[in-house]
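Report on the following structure.
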Amino acid sequence: MPRKTFASAPVADFYETTSAAIAAALTSYDLLKVMKTIVAFFRWRHFIVLHLPETSEESLSELTLLTNWEPELSRAYDTHMLAKGSPIFSRLRKTTLPLAYNMDLVKAKRCRRDSDVAVQLFQKFDHFNGVYMPAVTPEGHRGAIGYGGRREEMAADESAGLTYLSARFFERITELNKGTQTMPGGPYLSDKELDCIRLTAAGKTSAEAAALLGTTANTVNHHLASASEKLQTQNKTHTVAKSIRLGLID
């Protein structure tokens, strides 16, 4: 049976349906569900949506917008400060084209210590190869969406399709991150902060909320702390209670 191509009817239907779902997404959780279908369609296993670091001190958790990376991998990546010497980040700053990677590239482009650590981590969590799709915000800030797992190199038509969907996805998640809810005369809460508060209100721990949102527990705690500062609350319970009282969440 011939391989389905970018122009074939089933594939074209997938792009049309997925593009519509991206445009209709109202929360990070909506986008997470869409991304899961994209990852499955292209036979990858992992994804990460991120801003490219502007300084060498930024951690992966600070850069990540959405991901299904295992929390242990994300923590270890930051513990070993692997973002600082990432050859992927360095190359993404210099191109607008898809950037494929594998463990040979990691070994060749990192220093010996970092390459050993990075290769062990990625292989442990089944990140043997992948591709990053560069992206940019309307303001000109660079980002990317990375897909990883273990599959053959993508064909040109597959790469073109994934590039298209990635651009749509990154634009939408950037729009949602700008989205806010306000209270008269008071501070605003971002969409991410509200997602974290809603899940906390539902009794989820930071780790459980992170798994549902496709991010890390550290990131969830960061958003909750930011919301607490804006609302001038003392702890998570106070933040949830005040958000309900102000009508920010149901």
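Labels used: A, B, ... for chains in the order of the structure tokens, numbers from 1 for residues in each chain, and numbers from 1 for ligands as shown.
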Checklist entry - Which residues, written as a PyMOL selection string, have at least one atom at most 10 Å from Lys84 of chain A, with only C-alpha atoms counted and residues fewer than 6 positions away on the same chain left out? => result chain A and resi 53+55-60+78+90
Item to check | Every residue of segment 30-231 of chain A that DSSP places in helix (DSSP H, G or I), as JSON, numbers by chain | outcome: {"A": [30, 31, 32, 33, 34, 35, 36, 37, 38, 39, 40, 41, 60, 61, 62, 63, 71, 72, 73, 74, 75, 76, 77, 78, 79, 87, 88, 89, 90, 91, 92, 103, 104, 105, 106, 107, 108, 109, 112, 113, 114, 115, 116, 117, 118, 119, 120, 121, 122, 123, 124, 156, 157, 158, 159, 160, 161, 162, 163, 164, 165, 166, 167, 168, 169, 170, 171, 172, 173, 174, 175, 176, 177, 178, 191, 192, 193, 194, 195, 196, 197, 198, 199, 200, 201, 206, 207, 208, 209, 210, 211, 212, 213, 217, 218, 219, 220, 221, 222, 223, 224, 225, 226, 227, 228, 229, 230, 231]}
Excluding Phe170 of chain A and any residue of its chain fewer than 3 positions from it, enumerate the residues within 9 Å of it, using only C-alpha atoms, and give them as an mmCIF file with all heavy atoms, in the first residue's frame.
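Saved the output as part03.cif:
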```cif
data_model
loop_
_atom_site.group_PDB
_atom_site.id
_atom_site.type_symbol
_atom_site.label_atom_id
_atom_site.label_comp_id
_atom_site.auth_asym_id
_atom_site.auth_seq_id
_atom_site.Cartn_x
_atom_site.Cartn_y
_atom_site.Cartn_z
ATOM 1 N N VAL A 49 6.970 22.440 23.931
ATOM 2 C CA VAL A 49 6.757 23.760 23.335
ATOM 3 C C VAL A 49 7.469 24.759 24.231
ATOM 4 O O VAL A 49 7.205 24.803 25.440
ATOM 5 C CB VAL A 49 5.258 24.108 23.251
ATOM 6 C CG1 VAL A 49 5.050 25.428 22.505
ATOM 7 C CG2 VAL A 49 4.474 22.985 22.584
ATOM 8 N N LEU A 50 8.370 25.539 23.665
ATOM 9 C CA LEU A 50 9.176 26.395 24.527
ATOM 10 C C LEU A 50 9.615 27.682 23.836
ATOM 11 O O LEU A 50 9.578 27.806 22.625
ATOM 12 C CB LEU A 50 10.411 25.630 25.014
ATOM 13 C CG LEU A 50 11.263 24.849 24.004
ATOM 14 C CD1 LEU A 50 12.146 25.756 23.180
ATOM 15 C CD2 LEU A 50 12.112 23.813 24.724
ATOM 16 N N ALA A 135 9.913 28.519 15.686
ATOM 17 C CA ALA A 135 8.707 29.345 15.673
ATOM 18 C C ALA A 135 9.072 30.737 16.165
ATOM 19 O O ALA A 135 10.129 30.936 16.772
ATOM 20 C CB ALA A 135 7.623 28.730 16.565
ATOM 21 N N VAL A 136 8.205 31.677 15.917
ATOM 22 C CA VAL A 136 8.464 33.054 16.339
ATOM 23 C C VAL A 136 7.144 33.718 16.682
ATOM 24 O O VAL A 136 6.119 33.459 16.056
ATOM 25 C CB VAL A 136 9.209 33.840 15.236
ATOM 26 C CG1 VAL A 136 8.363 33.967 13.981
ATOM 27 C CG2 VAL A 136 9.674 35.190 15.728
ATOM 28 N N THR A 137 7.147 34.549 17.716
ATOM 29 C CA THR A 137 5.956 35.294 18.089
ATOM 30 C C THR A 137 5.826 36.522 17.197
ATOM 31 O O THR A 137 6.797 36.931 16.542
ATOM 32 C CB THR A 137 6.024 35.752 19.555
ATOM 33 O OG1 THR A 137 7.052 36.751 19.672
ATOM 34 C CG2 THR A 137 6.331 34.586 20.482
ATOM 35 N N GLY A 143 10.975 30.811 19.451
ATOM 36 C CA GLY A 143 10.587 29.636 20.203
ATOM 37 C C GLY A 143 10.700 28.419 19.316
ATOM 38 O O GLY A 143 11.242 28.485 18.199
ATOM 39 N N ALA A 144 10.208 27.295 19.782
ATOM 40 C CA ALA A 144 10.272 26.072 18.989
ATOM 41 C C ALA A 144 9.339 25.036 19.589
ATOM 42 O O ALA A 144 8.972 25.111 20.771
ATOM 43 C CB ALA A 144 11.698 25.525 18.937
ATOM 44 N N ILE A 145 8.969 24.084 18.763
ATOM 45 C CA ILE A 145 8.255 22.901 19.232
ATOM 46 C C ILE A 145 9.097 21.694 18.861
ATOM 47 O O ILE A 145 9.447 21.505 17.693
ATOM 48 C CB ILE A 145 6.855 22.776 18.621
ATOM 49 C CG1 ILE A 145 6.018 24.018 18.937
ATOM 50 C CG2 ILE A 145 6.161 21.516 19.145
ATOM 51 C CD1 ILE A 145 4.600 23.971 18.411
ATOM 52 N N LEU A 165 1.496 22.771 11.058
ATOM 53 C CA LEU A 165 0.712 22.637 12.289
ATOM 54 C C LEU A 165 1.439 23.238 13.484
ATOM 55 O O LEU A 165 0.815 23.824 14.371
ATOM 56 C CB LEU A 165 0.395 21.165 12.550
ATOM 57 C CG LEU A 165 -0.592 20.507 11.585
ATOM 58 C CD1 LEU A 165 -0.763 19.035 11.928
ATOM 59 C CD2 LEU A 165 -1.947 21.214 11.598
ATOM 60 N N SER A 166 2.753 23.097 13.516
ATOM 61 C CA SER A 166 3.537 23.648 14.620
ATOM 62 C C SER A 166 3.445 25.165 14.650
ATOM 63 O O SER A 166 3.330 25.770 15.726
ATOM 64 C CB SER A 166 5.002 23.206 14.508
ATOM 65 O OG SER A 166 5.119 21.805 14.612
ATOM 66 N N ALA A 167 3.495 25.795 13.480
ATOM 67 C CA ALA A 167 3.371 27.251 13.416
ATOM 68 C C ALA A 167 2.011 27.700 13.922
ATOM 69 O O ALA A 167 1.903 28.674 14.685
ATOM 70 C CB ALA A 167 3.599 27.729 11.986
ATOM 71 N N ILE A 173 -0.861 29.145 21.184
ATOM 72 C CA ILE A 173 -0.472 29.082 22.598
ATOM 73 C C ILE A 173 0.089 30.421 23.051
ATOM 74 O O ILE A 173 -0.090 30.830 24.202
ATOM 75 C CB ILE A 173 0.526 27.932 22.857
ATOM 76 C CG1 ILE A 173 0.554 27.604 24.350
ATOM 77 C CG2 ILE A 173 1.920 28.251 22.358
ATOM 78 C CD1 ILE A 173 1.290 26.319 24.684
ATOM 79 N N THR A 174 0.732 31.143 22.136
ATOM 80 C CA THR A 174 1.213 32.481 22.463
ATOM 81 C C THR A 174 0.044 33.424 22.704
ATOM 82 O O THR A 174 0.064 34.236 23.635
ATOM 83 C CB THR A 174 2.098 33.024 21.328
ATOM 84 O OG1 THR A 174 3.218 32.152 21.144
ATOM 85 C CG2 THR A 174 2.618 34.409 21.661
ATOM 86 N N GLU A 175 -0.990 33.306 21.879
ATOM 87 C CA GLU A 175 -2.190 34.124 22.069
ATOM 88 C C GLU A 175 -2.843 33.837 23.413
ATOM 89 O O GLU A 175 -3.258 34.752 24.132
ATOM 90 C CB GLU A 175 -3.189 33.860 20.949
ATOM 91 C CG GLU A 175 -2.772 34.381 19.592
ATOM 92 C CD GLU A 175 -3.706 33.934 18.487
ATOM 93 O OE1 GLU A 175 -4.544 33.033 18.730
ATOM 94 O OE2 GLU A 175 -3.588 34.466 17.373
#
```
Next on the checklist: From the options A:Gln234, A:Lys178, A:Thr239, A:Leu73, which residue's atoms come nearest to Leu26 of chain A, counting only C-alpha atoms?
Outcome noted: A:Lys178
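With only C-alpha atoms as the basis for measurement, A:Leu189 is the residue among A:Leu92, A:Leu32, A:Leu189, A:Ala83 that approaches Gly247 of chain A most closely.
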Next on the checklist: For His127 of chain A, find every residue with an atom within 12 Å (counting only C-alpha atoms), except residues of its own chain fewer than 5 positions away, and show them as a VMD selection string.
Outcome noted: chain A and resid 44 to 48 69 to 70 73 101 to 103 106 118 to 122 146 to 151
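Nearest residue to Asn221 of chain A, choosing from A:Asn129, A:Ser61, A:Ser74, A:Gln123 and counting only C-alpha atoms: A:Ser61.
Nearest residue to Val34 of chain A among A:Ser226, A:Ser19, A:Asn235, A:Asn177 is A:Ser19, counting only C-alpha atoms.
The smallest atom-to-atom distance between His51 of chain A and any of A:Met133, A:Leu65, A:Cys196, A:Ala227, using only C-alpha atoms, is found for A:Leu65.
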